[in-house]
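Quick look at run00.cif (mmCIF, C-alpha atoms (C1' of nucleotides)):
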data_protein
#
loop_
_atom_site.label_atom_id
_atom_site.label_comp_id
_atom_site.auth_asym_id
_atom_site.auth_seq_id
_atom_site.Cartn_x
_atom_site.Cartn_y
_atom_site.Cartn_z
CA MET A 1 -39.99 7.16 42.37
CA ASP A 2 -38.66 10.60 41.57
CA LYS A 3 -35.01 11.25 42.18
CA LEU A 4 -34.71 12.96 45.53
CA VAL A 5 -32.43 15.86 46.20
CA PRO A 6 -30.37 15.18 49.31
CA LEU A 7 -30.63 17.89 51.88
CA ARG A 8 -27.03 17.36 52.88
CA MET A 9 -23.91 16.91 50.85
CA SER A 10 -21.69 13.98 51.63
CA THR A 11 -18.96 16.40 52.59
CA GLU A 12 -21.05 18.68 54.74
CA LEU A 13 -20.57 18.85 58.44
CA ASN A 14 -23.32 17.10 60.34
CA THR A 15 -22.98 16.32 63.98
CA SER A 16 -26.55 15.39 64.93
CA GLN A 17 -27.52 12.01 63.53
CA PRO A 18 -30.89 12.67 61.93
CA SER A 19 -33.60 10.16 62.65
CA LEU A 20 -34.85 7.92 59.92
CA LEU A 21 -38.46 8.83 60.54
CA THR A 22 -37.82 12.54 60.39
CA SER A 23 -35.71 12.39 57.29
CA LEU A 24 -38.10 10.19 55.38
CA LYS A 25 -41.20 12.10 56.39
CA GLU A 26 -39.62 15.39 55.42
CA ARG A 27 -39.68 14.08 51.88
CA GLY A 28 -42.99 12.27 51.90
CA VAL A 29 -41.18 8.92 51.76
CA ARG A 30 -42.89 6.18 53.73
CA PRO A 31 -40.99 4.70 56.64
CA THR A 32 -41.72 1.09 55.83
CA ARG A 33 -40.54 -1.86 57.89
CA GLN A 34 -38.08 -2.75 55.17
CA ARG A 35 -36.51 0.68 55.05
CA THR A 36 -36.28 0.87 58.80
CA ALA A 37 -34.67 -2.55 59.02
CA VAL A 38 -32.16 -1.84 56.26
CA TYR A 39 -31.21 1.42 57.89
CA GLN A 40 -30.84 -0.21 61.29
CA CYS A 41 -28.54 -2.84 59.80
CA ILE A 42 -26.27 -0.18 58.38
CA LEU A 43 -26.27 1.80 61.60
CA THR A 44 -25.70 -1.14 63.92
CA LYS A 45 -22.65 -2.72 62.37
CA ARG A 46 -20.75 0.06 60.70
CA ASP A 47 -18.47 -2.07 58.62
CA HIS A 48 -19.48 -0.74 55.21
CA PRO A 49 -21.58 -3.73 54.17
CA THR A 50 -22.47 -4.56 50.58
CA ALA A 51 -26.06 -5.01 49.42
CA ASP A 52 -25.46 -8.71 49.73
CA ASP A 53 -24.26 -8.37 53.33
CA ILE A 54 -27.26 -6.22 54.12
CA LEU A 55 -29.67 -8.72 52.61
CA SER A 56 -28.42 -11.52 54.79
CA ARG A 57 -28.37 -9.39 57.92
CA VAL A 58 -31.78 -7.90 57.42
CA ARG A 59 -33.27 -11.31 56.77
CA HIS A 60 -32.76 -12.11 60.42
CA ILE A 61 -35.45 -9.53 61.09
CA LEU A 62 -37.52 -9.72 57.91
CA PRO A 63 -36.97 -13.21 56.55
CA THR A 64 -38.83 -12.62 53.30
CA ILE A 65 -37.24 -9.39 52.19
CA SER A 66 -35.99 -9.55 48.61
CA PHE A 67 -32.85 -8.36 46.93
CA ALA A 68 -34.80 -5.88 44.87
CA THR A 69 -36.21 -4.35 48.02
CA VAL A 70 -32.79 -4.04 49.61
CA TYR A 71 -31.60 -2.19 46.54
CA ASN A 72 -34.73 -0.05 46.52
CA CYS A 73 -34.32 0.83 50.18
CA LEU A 74 -30.67 1.64 49.74
CA GLU A 75 -31.47 3.86 46.80
CA THR A 76 -34.04 5.69 48.89
CA LEU A 77 -31.72 6.10 51.86
CA VAL A 78 -28.91 7.37 49.64
CA SER A 79 -31.27 9.76 47.84
CA CYS A 80 -32.45 11.06 51.18
CA GLY A 81 -28.88 11.68 52.24
CA LEU A 82 -29.08 9.31 55.21
CA VAL A 83 -26.57 6.88 53.80
CA ARG A 84 -23.51 7.26 51.62
CA GLN A 85 -22.72 4.85 48.85
CA VAL A 86 -19.03 4.00 48.85
CA ASN A 87 -17.30 2.64 45.78
CA PHE A 88 -13.81 1.32 45.40
CA ASP A 89 -13.01 0.82 41.75
CA ARG A 90 -15.70 -1.44 40.39
CA SER A 91 -16.20 -3.70 43.35
CA PRO A 92 -19.71 -3.98 44.80
CA SER A 93 -21.01 -0.79 46.37
CA ARG A 94 -20.80 -0.45 50.10
CA TYR A 95 -22.99 1.60 52.38
CA CYS A 96 -22.03 3.97 55.14
CA PRO A 97 -24.21 5.89 57.62
CA ASN A 98 -21.46 8.34 58.59
CA LEU A 99 -22.55 11.70 57.27
CA SER A 100 -19.69 13.76 58.60
CA PRO A 101 -16.98 14.70 56.10
CA HIS A 102 -14.69 11.77 55.75
CA ALA A 103 -12.60 9.83 53.28
CA HIS A 104 -12.39 6.05 52.90
CA PHE A 105 -9.37 3.86 53.24
CA LYS A 106 -9.34 0.30 52.00
CA CYS A 107 -6.76 -2.05 53.39
CA GLU A 108 -5.55 -4.25 50.56
CA LYS A 109 -4.53 -6.99 52.94
CA THR A 110 -7.75 -7.41 54.89
CA GLY A 111 -10.30 -5.69 52.66
CA GLU A 112 -11.39 -3.63 55.65
CA ILE A 113 -12.69 -0.14 55.01
CA PHE A 114 -11.99 2.69 57.42
CA ASP A 115 -13.53 6.12 57.72
CA LEU A 116 -10.92 8.85 57.89
CA LYS A 117 -12.09 12.12 59.37
CA LEU A 118 -11.40 15.16 57.22
CA ASN A 119 -10.99 18.41 59.02
CA ASP A 120 -12.58 21.59 57.75
CA SER A 121 -9.37 23.10 56.45
CA LEU A 122 -8.68 20.10 54.24
CA VAL A 123 -12.25 20.08 52.99
CA HIS A 124 -11.80 23.71 52.05
CA ALA A 125 -8.45 23.09 50.41
CA ILE A 126 -9.96 20.29 48.34
CA LYS A 127 -12.84 22.45 47.22
CA ASP A 128 -10.32 25.14 46.30
CA ALA A 129 -8.76 22.74 43.82
CA LEU A 130 -11.75 23.46 41.58
CA PRO A 131 -10.93 26.03 38.91
CA PRO A 132 -13.45 28.79 38.10
CA GLY A 133 -16.48 27.42 36.29
CA PHE A 134 -16.50 24.12 38.13
CA VAL A 135 -19.22 23.73 40.74
CA ALA A 136 -19.12 20.50 42.71
CA GLU A 137 -22.02 18.99 44.59
CA ASN A 138 -19.79 16.56 46.36
CA PHE A 139 -16.44 14.87 46.23
CA ASP A 140 -15.12 11.45 47.09
CA LEU A 141 -11.69 10.75 48.41
CA THR A 142 -10.52 7.16 48.63
CA PHE A 143 -7.22 5.64 49.62
CA ASN A 144 -5.83 2.18 48.93
CA GLY A 145 -3.08 0.86 51.09
CA SER A 146 -2.32 -1.19 54.09
CA HIS A 147 -3.29 -0.69 57.66
CA LEU A 148 -0.66 -1.62 60.19
CA SER A 149 -2.50 -2.75 63.28
CA GLN A 150 -0.05 -2.28 66.15
CA ASN A 151 -0.06 -5.38 68.36
CA MET B 1 0.52 -12.84 33.34
CA ASP B 2 1.88 -11.86 36.71
CA LYS B 3 0.54 -8.76 38.34
CA LEU B 4 2.94 -5.93 37.63
CA VAL B 5 4.05 -3.41 40.18
CA PRO B 6 3.71 0.11 38.77
CA LEU B 7 6.89 2.10 38.93
CA ARG B 8 4.90 5.26 39.45
CA MET B 9 2.02 6.01 41.75
CA SER B 10 -1.00 7.70 40.29
CA THR B 11 -0.34 10.67 42.51
CA GLU B 12 3.34 11.03 41.82
CA LEU B 13 4.70 13.96 39.87
CA ASN B 14 5.76 13.00 36.37
CA THR B 15 6.49 15.63 33.78
CA SER B 16 8.13 13.59 31.02
CA GLN B 17 5.64 11.38 29.21
CA PRO B 18 7.34 7.96 29.24
CA SER B 19 7.38 6.13 25.96
CA LEU B 20 5.32 3.02 25.59
CA LEU B 21 8.23 0.97 24.31
CA THR B 22 10.50 1.93 27.16
CA SER B 23 7.92 1.33 29.85
CA LEU B 24 6.87 -2.03 28.51
CA LYS B 25 10.39 -3.27 27.87
CA GLU B 26 11.49 -2.25 31.35
CA ARG B 27 9.10 -4.92 32.56
CA GLY B 28 9.64 -7.55 29.92
CA VAL B 29 6.16 -6.91 28.53
CA ARG B 30 5.93 -7.24 24.78
CA PRO B 31 5.00 -4.14 22.84
CA THR B 32 2.44 -5.76 20.58
CA ARG B 33 0.53 -3.99 17.84
CA GLN B 34 -2.63 -4.21 19.94
CA ARG B 35 -1.04 -2.62 22.99
CA THR B 36 0.53 0.11 20.93
CA ALA B 37 -2.73 0.86 19.17
CA VAL B 38 -4.76 0.91 22.40
CA TYR B 39 -2.25 3.22 24.01
CA GLN B 40 -2.23 5.53 21.00
CA CYS B 41 -6.02 5.74 21.09
CA ILE B 42 -5.94 6.83 24.70
CA LEU B 43 -3.18 9.35 24.11
CA THR B 44 -4.63 10.84 20.95
CA LYS B 45 -8.13 11.73 22.13
CA ARG B 46 -7.84 12.39 25.82
CA ASP B 47 -11.50 12.28 26.61
CA HIS B 48 -11.42 9.45 29.15
CA PRO B 49 -12.85 6.76 26.88
CA THR B 50 -14.44 3.56 28.13
CA ALA B 51 -13.26 0.12 27.00
CA ASP B 52 -16.14 0.19 24.57
CA ASP B 53 -15.06 3.54 23.13
CA ILE B 54 -11.52 2.26 22.83
CA LEU B 55 -12.62 -0.89 21.04
CA SER B 56 -14.43 1.04 18.33
CA ARG B 57 -11.61 3.54 17.92
CA VAL B 58 -8.86 0.99 17.78
CA ARG B 59 -10.76 -1.06 15.23
CA HIS B 60 -10.12 1.67 12.70
CA ILE B 61 -6.49 0.61 12.88
CA LEU B 62 -6.80 -3.08 13.81
CA PRO B 63 -10.20 -4.14 12.52
CA THR B 64 -10.10 -7.59 14.08
CA ILE B 65 -9.10 -6.70 17.62
CA SER B 66 -11.37 -8.26 20.20
CA PHE B 67 -12.95 -6.96 23.35
CA ALA B 68 -10.92 -9.36 25.45
CA THR B 69 -7.74 -7.97 23.97
CA VAL B 70 -8.76 -4.41 24.67
CA TYR B 71 -9.36 -5.35 28.29
CA ASN B 72 -6.09 -7.27 28.42
CA CYS B 73 -4.16 -4.36 26.96
CA LEU B 74 -5.77 -1.90 29.33
CA GLU B 75 -4.93 -4.10 32.28
CA THR B 76 -1.32 -4.25 31.16
CA LEU B 77 -1.08 -0.51 30.60
CA VAL B 78 -2.63 0.20 33.99
CA SER B 79 -0.35 -2.33 35.69
CA CYS B 80 2.65 -0.70 34.04
CA GLY B 81 1.53 2.68 35.33
CA LEU B 82 1.15 4.16 31.86
CA VAL B 83 -2.57 4.62 32.12
CA ARG B 84 -4.90 5.39 35.00
CA GLN B 85 -8.23 3.70 35.39
CA VAL B 86 -10.88 6.21 36.38
CA ASN B 87 -14.09 5.17 38.06
CA PHE B 88 -17.13 7.21 38.86
CA ASP B 89 -19.48 5.27 41.07
CA ARG B 90 -20.22 2.05 39.24
CA SER B 91 -20.31 3.33 35.72
CA PRO B 92 -17.97 1.72 33.19
CA SER B 93 -14.29 2.36 33.84
CA ARG B 94 -12.60 5.09 31.88
CA TYR B 95 -8.97 5.38 30.97
CA CYS B 96 -6.64 8.33 31.29
CA PRO B 97 -3.02 8.74 30.15
CA ASN B 98 -2.35 11.75 32.37
CA LEU B 99 0.12 10.58 34.99
CA SER B 100 0.59 13.86 36.79
CA PRO B 101 -1.26 14.25 40.10
CA HIS B 102 -4.79 15.22 39.29
CA ALA B 103 -8.37 14.75 40.35
CA HIS B 104 -11.36 14.05 38.13
CA PHE B 105 -14.47 16.11 37.74
CA LYS B 106 -17.58 14.73 36.08
CA CYS B 107 -20.11 17.17 34.74
CA GLU B 108 -23.53 15.78 35.48
CA LYS B 109 -25.09 17.70 32.61
CA THR B 110 -22.80 16.64 29.80
CA GLY B 111 -21.08 13.57 31.22
CA GLU B 112 -17.73 15.12 30.36
CA ILE B 113 -14.78 14.30 32.57
CA PHE B 114 -12.13 16.87 33.29
CA ASP B 115 -8.67 16.50 34.78
CA LEU B 116 -8.07 18.92 37.63
CA LYS B 117 -4.44 19.58 38.44
CA LEU B 118 -3.53 19.10 42.08
CA ASN B 119 -0.66 21.12 43.38
CA ASP B 120 1.96 19.60 45.62
CA SER B 121 0.75 21.28 48.76
CA LEU B 122 -2.73 19.82 48.38
CA VAL B 123 -1.31 16.39 47.61
CA HIS B 124 0.65 16.65 50.83
CA ALA B 125 -2.31 17.87 52.82
CA ILE B 126 -4.36 14.94 51.55
CA LYS B 127 -1.70 12.45 52.48
CA ASP B 128 -1.54 14.07 55.90
CA ALA B 129 -5.17 13.13 56.45
CA LEU B 130 -3.95 9.58 57.02
CA PRO B 131 -3.67 8.77 60.73
CA PRO B 132 -0.66 6.85 62.04
CA GLY B 133 -0.73 3.23 60.94
CA PHE B 134 -2.33 3.93 57.57
CA VAL B 135 0.00 3.68 54.60
CA ALA B 136 -1.54 4.57 51.24
CA GLU B 137 -0.24 3.50 47.88
CA ASN B 138 -2.47 5.93 46.07
CA PHE B 139 -5.59 7.98 46.41
CA ASP B 140 -8.41 8.98 44.14
CA LEU B 141 -10.25 12.24 44.32
CA THR B 142 -13.38 12.69 42.25
CA PHE B 143 -15.90 15.47 42.01
CA ASN B 144 -19.43 15.45 40.69
CA GLY B 145 -21.00 18.68 39.66
CA SER B 146 -21.66 20.94 36.77
CA HIS B 147 -19.26 22.74 34.55
CA LEU B 148 -20.35 26.20 33.51
CA SER B 149 -18.89 26.83 30.09
CA GLN B 150 -18.75 30.61 29.76
CA ASN B 151 -20.07 31.65 26.33
"C1'" DA C 1 16.06 -19.48 8.53
"C1'" DT C 2 13.72 -23.09 11.68
"C1'" DT C 3 12.31 -24.57 15.77
"C1'" DT C 4 10.56 -23.95 20.13
"C1'" DA C 5 8.44 -22.25 24.22
"C1'" DA C 6 6.31 -18.63 26.26
"C1'" DA C 7 3.22 -14.93 25.82
"C1'" DA C 8 -0.55 -12.73 23.66
"C1'" DT C 9 -4.82 -12.70 21.03
"C1'" DT C 10 -9.26 -14.32 20.03
"C1'" DA C 11 -14.37 -15.61 20.13
"C1'" DG C 12 -17.55 -16.84 22.82
"C1'" DA C 13 -19.24 -18.48 27.26
"C1'" DA C 14 -19.63 -17.32 32.04
"C1'" DT C 15 -20.04 -14.29 35.97
"C1'" DA C 16 -21.96 -11.11 39.04
"C1'" DA C 17 -23.79 -6.74 40.55
"C1'" DT C 18 -27.48 -4.27 39.58
"C1'" DT C 19 -31.80 -2.91 37.30
"C1'" DC C 20 -36.10 -3.83 35.24
"C1'" DC C 21 -40.78 -5.65 34.94
"C1'" DA C 22 -45.21 -7.24 35.98
"C1'" DT C 23 -47.77 -8.57 39.86
"C1'" DT C 24 -49.10 -8.54 44.55
"C1'" DT C 25 -49.17 -6.41 48.91
"C1'" DT C 26 -49.16 -2.65 51.95
"C1'" DT C 27 -50.10 1.86 53.24
"C1'" DC C 28 -52.37 6.13 53.41
"C1'" DT C 29 -56.59 8.92 52.57
"C1'" DT C 30 -61.27 9.42 52.21
"C1'" DA D 1 -64.30 -0.29 54.21
"C1'" DA D 2 -62.89 1.33 49.52
"C1'" DG D 3 -59.86 3.38 46.34
"C1'" DA D 4 -55.55 5.12 44.96
"C1'" DA D 5 -50.76 5.54 45.35
"C1'" DA D 6 -46.56 3.68 46.83
"C1'" DA D 7 -43.74 -0.09 47.96
"C1'" DA D 8 -42.32 -4.91 47.94
"C1'" DT D 9 -41.58 -9.06 45.55
"C1'" DG D 10 -39.56 -12.89 42.48
"C1'" DG D 11 -37.64 -13.63 38.61
"C1'" DA D 12 -35.98 -12.22 34.21
"C1'" DA D 13 -32.95 -9.05 31.87
"C1'" DT D 14 -28.97 -6.22 31.46
"C1'" DT D 15 -24.21 -5.17 31.18
"C1'" DA D 16 -19.45 -4.46 32.26
"C1'" DT D 17 -16.07 -7.42 32.91
"C1'" DT D 18 -13.60 -11.87 33.40
"C1'" DC D 19 -12.72 -16.47 32.15
"C1'" DT D 20 -11.63 -20.38 29.09
"C1'" DA D 21 -9.73 -23.05 25.72
"C1'" DA D 22 -7.86 -22.84 21.29
"C1'" DT D 23 -5.10 -20.39 17.97
"C1'" DT D 24 -1.62 -17.16 16.65
"C1'" DT D 25 2.31 -14.34 17.37
"C1'" DT D 26 6.57 -13.23 19.32
"C1'" DA D 27 11.39 -13.52 20.83
"C1'" DA D 28 15.03 -16.50 21.62
"C1'" DA D 29 17.86 -20.39 20.63
"C1'" DT D 30 19.53 -23.31 17.57
#
Once more with this new file: its structure as structure tokens, please.
Amino acid sequence: MDKLVPLRMSTELNTSQPSLLTSLKERGVRPTRQRTAVYQCILTKRDHPTADDILSRVRHILPTISFATVYNCLETLVSCGLVRQVNFDRSPSRYCPNLSPHAHFKCEKTGEIFDLKLNDSLVHAIKDALPPGFVAENFDLTFNGSHLSQN
Amino acid sequence: MDKLVPLRMSTELNTSQPSLLTSLKERGVRPTRQRTAVYQCILTKRDHPTADDILSRVRHILPTISFATVYNCLETLVSCGLVRQVNFDRSPSRYCPNLSPHAHFKCEKTGEIFDLKLNDSLVHAIKDALPPGFVAENFDLTFNGSHLSQN
DNA sequence: ATTTAAAATTAGAATAATTCCATTTTTCTT
DNA sequence: AAGAAAAATGGAATTATTCTAATTTTAAAT
């Protein structure tokens, strides 16, 4: 498959959740059962699952789906800009359907990953950190720390 | 070896380059020939080398050094806060001796990685993106894009 | 200077996430 | 229904990194 150019940047504002069908068809990518199921998994439980997590979840719906297919589907969804791939250091990639501009926070105690909304002014300020001659397609902002759940 | 607590955060301002000997001794970590050589390699050619790059460079000085040792040394240097580990997606980790607050920009055309200085106000603004209850030890900001070298 | 114990280095095996490959299946178009 | 293109599949391959067990080096104590 050719590498697809995402229509949206990971840091671009996007309020309306685009439908899978629309987004895939726009690019002549077939909305197969596997792709639909993988996407639904990511949308339903938004806990930044790994490919491994996704495989076991999606197998409840499509018991014979393979690892290779999960990776293929994820690649397609990321290329289409429907899903963001989230990496913390070199741990397994995680997948996130939130397309609005946000950073990621990983709690070192629980391993939980949180989306942190970035407001427009910060997004602008970050882009302004680029000196002349540097043109960015996207940026990633990740935090490591601890999340104090107030009980 | 126990996990070391870095004295400095990756995002903390640090003008004086700390000496290897001082930083290691402060923590009771032995300044071996291998560690010294690995650190020198990273300092000398600041092109964000991978462990593989470092192995071949350091072998000019210590021809028998092993891969395991390079990884061990890098782990120690990172734990001591003398070196930052830089990750872009899931490609091999790169190593950076620049301890001042900076982001990383990867040129998709050339693969080059650039340090981008972050001024204090932006560092503050980024930390302010954390909602109450989130305490970050550090953050990483990475850009992907293209670098237009003006000729 | 020797001895000793802890720490560090080493080579090679092991691990694990991801990608590749060759084949089969599905899907679209005619 | 047939043919062609795309996608899915299982398993093998890849690769960065970590682990392991044995050896060597180091710093400290005698």
TODO: Specify as a count of residues only all residues of chain A found within 10 Å of chain D, counting all atoms listed in the file.
DONE: 15
Open item on the list: Ranking A:Arg84, A:His147, A:Arg59, A:His124 by minimum distance to Gly111 in chain A and counting only C-alpha atoms, which one comes first?
Closed with: A:His147
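The residues returned by the PyMOL selection byres ((chain C) within 10 of (chain A)) on the shown structure are DA16, DA17, DT18, DT19, DC20, DT26, DT27 and DC28 of chain C.
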TODO: Could you please select, counting all atoms listed in the file, the residues of chain B within 6 Å of chain A and state them as a ChimeraX atom specification?
DONE: /B:87,89-90,133-148
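The gap separating CA of Arg46 in chain A from CA of Cys96 in chain A is 6.9 Å, in Å to one decimal.
The interatomic distance for the pair CA of Val78 in chain A and CA of Lys109 in chain A works out to 28.5 Å.
Distance-wise, CA of His48 in chain A and CA of Val83 in chain A end up 10.5 Å apart.
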